[in-house]
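Dumped work_13.txt below, it's compact mmCIF, C-alpha atoms and all ligand atoms:
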# COMPACT_ATOMS: atom_id res chain seq x y z
CA MET P 1 142.94 -81.41 -9.22
CA ARG P 2 140.52 -81.90 -12.09
CA TYR P 3 139.01 -79.16 -14.21
CA ARG P 4 136.05 -78.24 -16.35
CA ILE P 5 135.93 -75.84 -19.27
CA GLY P 6 133.09 -73.35 -19.72
CA VAL P 7 132.43 -71.55 -22.99
CA ASP P 8 130.04 -68.60 -23.02
CA ILE P 9 129.02 -67.56 -26.54
CA GLY P 10 127.55 -64.06 -26.54
CA GLY P 11 126.39 -61.81 -29.35
CA THR P 12 129.73 -60.04 -29.63
CA GLY P 13 132.27 -62.17 -27.79
CA ILE P 14 133.08 -65.71 -26.74
CA LYS P 15 134.50 -66.16 -23.25
CA ILE P 16 136.27 -69.37 -22.31
CA GLY P 17 137.29 -70.27 -18.78
CA LEU P 18 139.16 -73.10 -17.11
CA VAL P 19 137.25 -73.86 -13.90
CA ASP P 20 138.81 -75.84 -11.05
CA GLU P 21 137.04 -78.07 -8.52
CA ASN P 22 136.70 -75.11 -6.13
CA ASN P 23 134.57 -73.38 -8.81
CA GLN P 24 137.27 -70.79 -9.49
CA ILE P 25 138.03 -69.61 -13.01
CA VAL P 26 141.79 -70.14 -13.02
CA ASN P 27 142.46 -69.16 -16.63
CA ARG P 28 140.52 -67.20 -19.24
CA HIS P 29 140.49 -66.54 -22.95
CA SER P 30 138.17 -64.46 -25.09
CA LEU P 31 137.62 -64.02 -28.79
CA PRO P 32 135.15 -62.19 -31.05
CA THR P 33 132.01 -64.20 -31.91
CA GLY P 34 132.10 -63.46 -35.62
CA ALA P 35 128.38 -64.13 -36.00
CA GLU P 36 128.59 -63.51 -39.76
CA ARG P 37 131.13 -66.31 -40.25
CA PRO P 38 130.22 -69.95 -40.95
CA TYR P 39 129.90 -71.76 -37.62
CA LEU P 40 132.69 -74.24 -38.39
CA SER P 41 135.32 -71.50 -38.43
CA VAL P 42 133.97 -70.30 -35.07
CA VAL P 43 134.15 -73.90 -33.77
CA GLU P 44 137.83 -74.02 -34.83
CA ASP P 45 138.45 -70.79 -32.90
CA ILE P 46 136.71 -72.23 -29.81
CA VAL P 47 138.90 -75.36 -30.01
CA LYS P 48 142.01 -73.16 -30.21
CA GLY P 49 140.71 -71.04 -27.31
CA ILE P 50 140.15 -74.17 -25.21
CA ALA P 51 143.72 -75.29 -25.95
CA ALA P 52 144.90 -71.85 -24.84
CA VAL P 53 143.06 -71.85 -21.46
CA LYS P 54 144.03 -75.45 -20.83
CA GLY P 55 147.72 -74.60 -21.05
CA ASP P 56 149.88 -77.45 -19.76
CA ILE P 57 146.97 -79.40 -18.26
CA SER P 58 146.34 -82.68 -20.08
CA TYR P 59 142.95 -83.48 -21.58
CA LYS P 60 142.74 -86.40 -19.10
CA GLU P 61 142.44 -83.92 -16.23
CA ILE P 62 139.45 -82.24 -17.84
CA ILE P 63 136.05 -83.62 -16.87
CA SER P 64 133.97 -81.96 -19.58
CA VAL P 65 133.39 -78.93 -21.74
CA GLY P 66 130.14 -76.97 -21.48
CA VAL P 67 128.91 -74.39 -23.95
CA GLY P 68 126.26 -71.78 -23.25
CA CYS P 69 124.73 -69.71 -26.00
CA PRO P 70 121.72 -67.48 -26.55
CA GLY P 71 118.73 -68.98 -28.34
CA PHE P 72 117.12 -72.38 -28.70
CA VAL P 73 119.48 -75.13 -27.62
CA ASN P 74 118.54 -78.80 -27.51
CA PRO P 75 120.70 -80.43 -24.81
CA GLU P 76 119.68 -83.94 -25.93
CA THR P 77 120.75 -83.62 -29.56
CA GLY P 78 123.40 -80.97 -28.91
CA LEU P 79 121.89 -78.84 -31.66
CA LEU P 80 121.90 -75.07 -31.50
CA VAL P 81 118.52 -74.84 -33.22
CA HIS P 82 118.22 -71.09 -33.52
CA ALA P 83 120.34 -68.28 -32.16
CA GLY P 84 118.71 -64.87 -32.27
CA ASN P 85 121.67 -62.60 -32.87
CA LEU P 86 123.95 -65.20 -34.44
CA ASN P 87 123.24 -66.25 -38.01
CA TRP P 88 123.25 -69.93 -37.12
CA GLU P 89 120.41 -72.41 -37.62
CA ASN P 90 120.52 -76.10 -36.63
CA VAL P 91 124.21 -76.09 -35.84
CA PRO P 92 125.52 -79.42 -34.41
CA LEU P 93 127.61 -77.67 -31.79
CA LYS P 94 128.09 -80.65 -29.46
CA ASP P 95 129.15 -83.10 -32.19
CA ALA P 96 131.47 -80.59 -33.87
CA LEU P 97 133.31 -79.91 -30.61
CA GLU P 98 133.36 -83.51 -29.35
CA SER P 99 134.81 -84.85 -32.59
CA ARG P 100 137.64 -82.32 -32.44
CA MET P 101 138.58 -82.76 -28.77
CA GLY P 102 137.53 -86.22 -27.63
CA LEU P 103 135.96 -84.70 -24.48
CA PRO P 104 132.30 -84.90 -23.45
CA VAL P 105 130.56 -81.67 -24.48
CA TYR P 106 127.32 -80.31 -22.99
CA VAL P 107 125.31 -77.44 -24.45
CA GLY P 108 122.72 -75.19 -22.87
CA ASN P 109 121.13 -71.80 -23.31
CA ASP P 110 122.59 -68.78 -21.57
CA ALA P 111 119.89 -68.34 -18.91
CA ASN P 112 120.12 -72.03 -18.02
CA CYS P 113 123.88 -71.71 -17.66
CA ALA P 114 123.40 -68.64 -15.45
CA VAL P 115 121.19 -70.52 -12.98
CA VAL P 116 123.65 -73.43 -12.90
CA GLY P 117 126.56 -71.05 -12.22
CA GLU P 118 124.70 -69.26 -9.42
CA THR P 119 123.71 -72.59 -7.85
CA VAL P 120 127.25 -73.98 -8.02
CA ALA P 121 129.16 -70.91 -6.91
CA GLY P 122 126.93 -67.86 -6.50
CA ALA P 123 123.96 -66.47 -4.60
CA ALA P 124 122.12 -69.81 -4.49
CA LYS P 125 125.14 -71.98 -3.67
CA GLY P 126 124.11 -75.35 -2.27
CA LYS P 127 120.37 -74.92 -2.92
CA ARG P 128 118.49 -77.66 -4.77
CA ASN P 129 115.47 -75.71 -6.06
CA VAL P 130 116.37 -72.39 -7.65
CA MET P 131 114.70 -70.09 -10.14
CA LEU P 132 116.61 -67.39 -12.00
CA ILE P 133 115.06 -64.55 -13.96
CA THR P 134 117.17 -62.24 -16.10
CA LEU P 135 115.67 -58.79 -16.60
CA GLY P 136 117.48 -57.52 -19.68
CA THR P 137 116.77 -56.88 -23.35
CA GLY P 138 114.58 -59.94 -23.01
CA VAL P 139 113.48 -61.85 -19.93
CA GLY P 140 115.27 -65.16 -19.56
CA GLY P 141 114.58 -67.96 -17.14
CA GLY P 142 116.44 -70.88 -15.65
CA LEU P 143 115.29 -73.57 -13.23
CA ILE P 144 117.11 -76.01 -11.01
CA LEU P 145 114.60 -78.55 -9.68
CA ASN P 146 115.69 -81.15 -7.13
CA GLY P 147 119.32 -80.43 -7.98
CA LYS P 148 118.95 -80.89 -11.73
CA LEU P 149 118.59 -78.37 -14.52
CA PHE P 150 115.06 -78.47 -15.90
CA THR P 151 115.14 -78.06 -19.68
CA GLY P 152 111.84 -79.62 -20.73
CA SER P 153 111.12 -81.29 -24.04
CA MET P 154 113.61 -80.37 -26.80
CA GLY P 155 115.27 -77.99 -24.35
CA MET P 156 112.39 -75.57 -24.77
CA GLY P 157 111.18 -75.53 -21.16
CA ALA P 158 111.78 -72.94 -18.45
CA GLU P 159 111.02 -70.04 -20.80
CA LEU P 160 109.76 -68.11 -17.80
CA GLY P 161 109.79 -64.82 -19.73
CA HIS P 162 107.04 -66.12 -21.99
CA ALA P 163 104.57 -67.16 -19.33
CA ILE P 164 101.45 -65.07 -19.91
CA LEU P 165 101.05 -62.25 -17.43
CA VAL P 166 98.17 -60.39 -19.13
CA MET P 167 95.81 -62.21 -21.49
CA ASP P 168 95.93 -60.56 -24.96
CA GLY P 169 98.17 -57.88 -23.48
CA GLU P 170 101.18 -56.06 -24.95
CA PRO P 171 102.84 -57.73 -27.96
CA CYS P 172 105.98 -59.72 -27.12
CA THR P 173 109.07 -60.18 -29.34
CA CYS P 174 108.15 -63.88 -29.58
CA GLY P 175 104.86 -63.15 -31.36
CA ILE P 176 102.57 -63.96 -28.42
CA ARG P 177 100.75 -61.17 -26.58
CA GLY P 178 100.91 -60.48 -22.87
CA CYS P 179 104.10 -62.38 -21.98
CA PHE P 180 105.93 -61.56 -18.73
CA GLU P 181 108.77 -60.31 -20.97
CA ALA P 182 106.45 -57.73 -22.57
CA TYR P 183 106.09 -56.10 -19.11
CA ALA P 184 109.44 -56.80 -17.44
CA SER P 185 112.16 -56.37 -20.10
CA VAL P 186 114.23 -53.23 -20.58
CA SER P 187 112.18 -52.28 -23.63
CA ALA P 188 108.97 -52.75 -21.64
CA LEU P 189 110.34 -50.46 -18.92
CA ILE P 190 111.24 -47.87 -21.56
CA ARG P 191 107.72 -48.09 -22.98
CA GLN P 192 106.23 -47.63 -19.50
CA THR P 193 108.57 -44.67 -18.91
CA LYS P 194 107.56 -42.97 -22.18
CA GLU P 195 103.85 -43.51 -21.50
CA MET P 196 104.17 -41.86 -18.09
CA MET P 197 106.19 -38.96 -19.55
CA GLU P 198 103.44 -38.35 -22.08
CA ARG P 199 100.87 -38.21 -19.28
CA CYS P 200 103.06 -36.05 -17.02
CA PRO P 201 104.59 -33.11 -18.93
CA ASP P 202 105.90 -31.68 -15.63
CA SER P 203 107.90 -34.79 -14.72
CA ALA P 204 111.66 -34.34 -14.18
CA MET P 205 112.11 -37.29 -16.54
CA HIS P 206 111.71 -34.87 -19.52
CA GLU P 207 114.64 -32.66 -18.58
CA PHE P 208 116.70 -35.63 -17.39
CA SER P 209 116.30 -37.57 -20.62
CA GLN P 210 117.00 -34.48 -22.76
CA LYS P 211 120.20 -33.87 -20.81
CA ASN P 212 121.27 -37.48 -21.37
CA ALA P 213 119.98 -37.47 -24.97
CA ARG P 214 118.17 -40.76 -24.35
CA ILE P 215 115.37 -42.55 -22.52
CA ASP P 216 116.57 -45.91 -21.29
CA GLY P 217 115.97 -48.50 -18.61
CA ARG P 218 117.64 -46.30 -16.00
CA THR P 219 115.67 -43.07 -16.63
CA ALA P 220 112.75 -43.87 -14.32
CA PHE P 221 114.91 -45.45 -11.58
CA ASP P 222 117.34 -42.47 -11.62
CA CYS P 223 114.56 -39.85 -11.54
CA ALA P 224 112.66 -41.77 -8.84
CA ARG P 225 115.78 -41.57 -6.66
CA MET P 226 115.81 -37.81 -7.30
CA GLY P 227 112.26 -37.69 -5.91
CA ASP P 228 110.22 -37.29 -9.10
CA GLU P 229 106.68 -38.54 -8.39
CA ALA P 230 105.88 -39.69 -11.95
CA ALA P 231 109.15 -41.65 -12.09
CA LYS P 232 108.33 -43.25 -8.73
CA ARG P 233 105.00 -44.39 -10.19
CA VAL P 234 106.76 -45.94 -13.21
CA VAL P 235 109.19 -47.82 -10.97
CA GLU P 236 106.46 -48.98 -8.60
CA GLN P 237 104.30 -50.21 -11.48
CA TYR P 238 107.25 -51.91 -13.18
CA ILE P 239 108.24 -53.73 -9.99
CA ARG P 240 104.60 -54.74 -9.49
CA TYR P 241 104.61 -56.43 -12.92
CA VAL P 242 107.84 -58.23 -12.03
CA ALA P 243 106.43 -59.26 -8.63
CA ALA P 244 103.24 -60.62 -10.18
CA GLY P 245 105.19 -62.58 -12.82
CA ILE P 246 107.60 -64.04 -10.28
CA GLY P 247 104.86 -64.73 -7.74
CA SER P 248 102.94 -66.73 -10.29
CA GLN P 249 106.03 -68.81 -11.05
CA ILE P 250 106.80 -69.30 -7.37
CA ASN P 251 103.33 -70.86 -7.12
CA VAL P 252 104.25 -73.40 -9.79
CA PHE P 253 107.79 -74.31 -8.75
CA ARG P 254 108.20 -73.07 -5.14
CA PRO P 255 111.97 -72.65 -5.33
CA GLU P 256 114.09 -72.07 -2.20
CA ALA P 257 115.27 -68.79 -3.71
CA VAL P 258 114.62 -66.62 -6.75
CA LEU P 259 117.64 -64.93 -8.30
CA ILE P 260 117.47 -61.79 -10.40
CA GLY P 261 120.10 -61.17 -13.06
CA GLY P 262 120.30 -59.09 -16.24
CA GLY P 263 120.90 -55.38 -16.76
CA ILE P 264 118.04 -54.13 -14.55
CA SER P 265 119.40 -56.11 -11.57
CA ALA P 266 122.12 -53.42 -11.40
CA GLU P 267 119.46 -51.29 -9.60
CA GLY P 268 120.26 -53.51 -6.60
CA ASP P 269 118.23 -52.79 -3.48
CA HIS P 270 116.09 -50.23 -5.33
CA LEU P 271 114.66 -53.21 -7.21
CA ILE P 272 115.21 -56.18 -4.89
CA LYS P 273 113.83 -54.68 -1.66
CA PRO P 274 110.40 -53.55 -3.00
CA LEU P 275 110.20 -56.75 -5.02
CA ASN P 276 110.49 -58.84 -1.85
CA GLU P 277 107.90 -56.62 -0.17
CA MET P 278 105.40 -56.91 -3.03
CA VAL P 279 105.76 -60.51 -4.13
CA GLY P 280 103.82 -61.93 -1.19
CA GLU P 281 100.62 -60.45 -2.62
CA TYR P 282 100.97 -62.93 -5.49
CA VAL P 283 102.27 -65.97 -3.63
CA PHE P 284 100.06 -68.91 -2.66
CA ALA P 285 99.87 -69.59 1.10
CA PHE P 286 102.01 -66.53 1.79
CA LYS P 287 100.31 -65.97 5.16
CA GLN P 288 101.11 -69.51 6.26
CA VAL P 289 104.55 -70.19 4.81
CA GLY P 290 105.82 -66.88 3.39
CA ALA P 291 107.60 -66.45 0.08
CA PRO P 292 111.08 -67.55 -0.96
CA PRO P 293 113.72 -64.80 -0.85
CA ILE P 294 114.39 -62.86 -4.04
CA LEU P 295 118.12 -62.21 -4.31
CA LYS P 296 120.38 -60.45 -6.75
CA ALA P 297 122.47 -62.90 -8.76
CA SER P 298 126.04 -62.56 -7.56
CA LEU P 299 128.42 -63.90 -10.20
CA GLY P 300 127.81 -61.32 -12.95
CA ASN P 301 129.36 -62.35 -16.25
CA ASP P 302 131.21 -65.27 -14.69
CA ALA P 303 127.91 -67.13 -14.13
CA GLY P 304 127.84 -67.98 -17.84
CA ILE P 305 131.30 -69.56 -17.83
CA ILE P 306 130.96 -71.40 -14.50
CA GLY P 307 127.41 -72.55 -15.33
CA ALA P 308 128.43 -73.85 -18.76
CA ALA P 309 131.37 -75.66 -17.17
CA TYR P 310 129.04 -77.43 -14.71
CA LEU P 311 126.32 -78.46 -17.19
CA ASP P 312 127.64 -82.04 -16.85
CA ALA P 313 126.90 -82.04 -13.10
CA VAL P 314 123.23 -81.01 -13.41
CA SER P 315 122.23 -82.88 -16.57
ZN ZN F 1 106.88 -63.84 -25.40
What do you get writing this file as structure tokens?
Amino acid sequence: MRYRIGVDIGGTGIKIGLVDENNQIVNRHSLPTGAERPYLSVVEDIVKGIAAVKGDISYKEIISVGVGCPGFVNPETGLLVHAGNLNWENVPLKDALESRMGLPVYVGNDANCAVVGETVAGAAKGKRNVMLITLGTGVGGGLILNGKLFTGSMGMGAELGHAILVMDGEPCTCGIRGCFEAYASVSALIRQTKEMMERCPDSAMHEFSQKNARIDGRTAFDCARMGDEAAKRVVEQYIRYVAAGIGSQINVFRPEAVLIGGGISAEGDHLIKPLNEMVGEYVFAFKQVGAPPILKASLGNDAGIIGAAYLDAVS
């Protein structure tokens, strides 16, 4: 048996997994990210963590190490160019790890790792053209095209969340206006919820959010399930934005399946079913050939580890 190691660097924690050839995580280790520390001390911790998950297995039995992290990652140079919630700029992550371990190291951004993981071992297992959209704090995207991860020039491709959905529309966190993310992220959903609450003082969302002391990405979905009409309109409009954004990208890439991950995917069928029903309105040649299925990503947090581990196989 040979193994791969996947490292998933998140904002608060780093998860390391030893992945076998059956795509199972057979050993795990986690440590705090320590975003405020210099990156080299974090690299030392990752090397120690890799030694810990490896256990008695020799380095010869390990095919490669893959590292996924949030932000701008250049897979060609191995540079972590910019990481939003980590204080790292232009960090030579690949070189630093390779020189300490003598193993080939691959780096990729977190959404790219997620689509690799889902294609290797999750909801899109065995497919060769797969698109993944994460609906979370931001909107991330990952693309497998003809069996390979598409990263574009400098690793900056497949930013599906920043395709323009509405010209000169709502401001996006990236500085552009009208991005898909500005309509489909959790904060966009919260904005849409608040706007509807302002227009509908009788909506059950008012009492519900006061009881919970917050308005969040679940408020509208929860109240819609309770039968509140204003909440149903928020959910329907939100899903329509997501359908239009995904439909447009289906027209460019025509994947075999579209996977939905991120926090909002926890709504399950309440999101996925209407999304599949609506997306055809935005898909080219829908009447003739239909639309690819939109599925919930299935690996959860393990997608990051398994996807990072398999970066070597799709690069
Ligand atoms: Zn944007």
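Closest approach to P:Ala231 among P:Asp302, P:Glu61, P:Asp95, P:Glu195 is made by P:Glu195 (distances from all atoms listed in the file).
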Could you give me the residues within 12 Å of ligand ZN 1 (chain F), counting all atoms listed in the file, as an MDAnalysis selection string?
chainID P and resid 138:140 159:185 188
Nearest candidate to P:Pro75 (options P:Gly6, P:Gly155, P:Gly49, P:Gly117; using all atoms listed in the file)
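For P:Pro75, the nearest of the given residues is P:Gly155.
Take atom CA of P:Ile305 and atom CA of P:Ile46: the distance between them is 13.4 Å.
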Counting only C-alpha atoms, write as a list in words all protein and nucleic acid residues lying at most 6 Å from (138.4, -82.9, -10.1) in the file's frame.
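Final list of nearby residues, as requested, is Met1, Arg2, Tyr3 and Glu21 of chain P.
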With C-alpha atoms retained, export the selected residues as a PDB file, in the frame of the given file.
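To be explicit, this is the file written out as part.pdb:
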ATOM      1  CA  MET P   1     142.940 -81.410  -9.220  1.00  0.00           C
ATOM      2  CA  ARG P   2     140.520 -81.900 -12.090  1.00  0.00           C
ATOM      3  CA  TYR P   3     139.010 -79.160 -14.210  1.00  0.00           C
ATOM      4  CA  GLU P  21     137.040 -78.070  -8.520  1.00  0.00           C
TER       5      GLU P  21
END
Neighbours of P:Tyr106 within 9 Å (all atoms listed in the file; same-chain residues fewer than 2 positions away dropped), as a PDB file with C-alpha atoms, in the frame of the given file?
ATOM      1  CA  SER P  64     133.970 -81.960 -19.580  1.00  0.00           C
ATOM      2  CA  VAL P  65     133.390 -78.930 -21.740  1.00  0.00           C
ATOM      3  CA  GLY P  66     130.140 -76.970 -21.480  1.00  0.00           C
ATOM      4  CA  VAL P  67     128.910 -74.390 -23.950  1.00  0.00           C
ATOM      5  CA  GLY P  68     126.260 -71.780 -23.250  1.00  0.00           C
ATOM      6  CA  PRO P  75     120.700 -80.430 -24.810  1.00  0.00           C
ATOM      7  CA  GLU P  76     119.680 -83.940 -25.930  1.00  0.00           C
ATOM      8  CA  GLY P  78     123.400 -80.970 -28.910  1.00  0.00           C
ATOM      9  CA  LYS P  94     128.090 -80.650 -29.460  1.00  0.00           C
ATOM     10  CA  PRO P 104     132.300 -84.900 -23.450  1.00  0.00           C
ATOM     11  CA  GLY P 108     122.720 -75.190 -22.870  1.00  0.00           C
ATOM     12  CA  ALA P 308     128.430 -73.850 -18.760  1.00  0.00           C
ATOM     13  CA  ALA P 309     131.370 -75.660 -17.170  1.00  0.00           C
ATOM     14  CA  TYR P 310     129.040 -77.430 -14.710  1.00  0.00           C
ATOM     15  CA  LEU P 311     126.320 -78.460 -17.190  1.00  0.00           C
ATOM     16  CA  ASP P 312     127.640 -82.040 -16.850  1.00  0.00           C
ATOM     17  CA  SER P 315     122.230 -82.880 -16.570  1.00  0.00           C
TER      18      SER P 315
END
I'd like to know which of P:Ala244, P:Val116, P:Val105, P:Val234 is closest to P:Cys200, using all atoms listed in the file.
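Closest residue, counting all atoms listed in the file: P:Val234.
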Filled-in N, CA and C atoms of stretch 169-193 of chain P, supplied as a compact mmCIF listing (two decimals), in the coordinates of the input:
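rebuild_3.txt written:
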# COMPACT_ATOMS: atom_id res chain seq x y z
N GLY P 169 97.55 -59.15 -23.87
CA GLY P 169 98.17 -57.88 -23.48
C GLY P 169 99.15 -57.35 -24.52
N GLU P 170 100.20 -56.69 -24.05
CA GLU P 170 101.18 -56.06 -24.95
C GLU P 170 101.85 -57.12 -25.83
N PRO P 171 102.16 -56.76 -27.09
CA PRO P 171 102.84 -57.73 -27.96
C PRO P 171 104.25 -58.03 -27.46
N CYS P 172 104.64 -59.29 -27.55
CA CYS P 172 105.98 -59.72 -27.12
C CYS P 172 106.84 -59.96 -28.36
N THR P 173 108.16 -59.91 -28.21
CA THR P 173 109.07 -60.18 -29.34
C THR P 173 108.87 -61.58 -29.91
N CYS P 174 108.30 -62.49 -29.12
CA CYS P 174 108.15 -63.88 -29.58
C CYS P 174 106.91 -64.06 -30.45
N GLY P 175 106.06 -63.04 -30.54
CA GLY P 175 104.86 -63.15 -31.36
C GLY P 175 103.59 -63.37 -30.55
N ILE P 176 103.74 -63.78 -29.29
CA ILE P 176 102.57 -63.96 -28.42
C ILE P 176 102.27 -62.60 -27.77
N ARG P 177 101.08 -62.41 -27.29
CA ARG P 177 100.75 -61.17 -26.58
C ARG P 177 100.68 -61.43 -25.08
N GLY P 178 101.12 -60.44 -24.32
CA GLY P 178 100.91 -60.48 -22.87
C GLY P 178 101.94 -61.25 -22.08
N CYS P 179 103.06 -61.64 -22.72
CA CYS P 179 104.10 -62.38 -21.98
C CYS P 179 104.68 -61.53 -20.85
N PHE P 180 105.19 -62.20 -19.83
CA PHE P 180 105.93 -61.56 -18.73
C PHE P 180 107.00 -60.63 -19.31
N GLU P 181 107.70 -61.11 -20.34
CA GLU P 181 108.77 -60.31 -20.97
C GLU P 181 108.25 -58.97 -21.49
N ALA P 182 107.01 -58.96 -21.99
CA ALA P 182 106.45 -57.73 -22.57
C ALA P 182 106.15 -56.68 -21.50
N TYR P 183 106.31 -57.04 -20.22
CA TYR P 183 106.09 -56.10 -19.11
C TYR P 183 107.34 -55.90 -18.25
N ALA P 184 108.32 -56.80 -18.39
CA ALA P 184 109.44 -56.80 -17.44
C ALA P 184 110.81 -56.61 -18.09
N SER P 185 110.87 -56.56 -19.43
CA SER P 185 112.16 -56.37 -20.10
C SER P 185 112.56 -54.90 -20.07
N VAL P 186 113.78 -54.63 -20.49
CA VAL P 186 114.23 -53.23 -20.58
C VAL P 186 113.34 -52.45 -21.54
N SER P 187 113.01 -53.05 -22.68
CA SER P 187 112.18 -52.28 -23.63
C SER P 187 110.78 -52.05 -23.09
N ALA P 188 110.27 -52.98 -22.28
CA ALA P 188 108.97 -52.75 -21.64
C ALA P 188 109.07 -51.59 -20.65
N LEU P 189 110.16 -51.55 -19.89
CA LEU P 189 110.34 -50.46 -18.92
C LEU P 189 110.45 -49.12 -19.64
N ILE P 190 111.13 -49.11 -20.77
CA ILE P 190 111.24 -47.87 -21.56
C ILE P 190 109.86 -47.44 -22.06
N ARG P 191 109.07 -48.41 -22.52
CA ARG P 191 107.72 -48.09 -22.98
C ARG P 191 106.88 -47.51 -21.83
N GLN P 192 106.98 -48.12 -20.67
CA GLN P 192 106.23 -47.63 -19.50
C GLN P 192 106.70 -46.22 -19.10
N THR P 193 108.00 -45.99 -19.24
CA THR P 193 108.57 -44.67 -18.91
C THR P 193 108.02 -43.61 -19.87
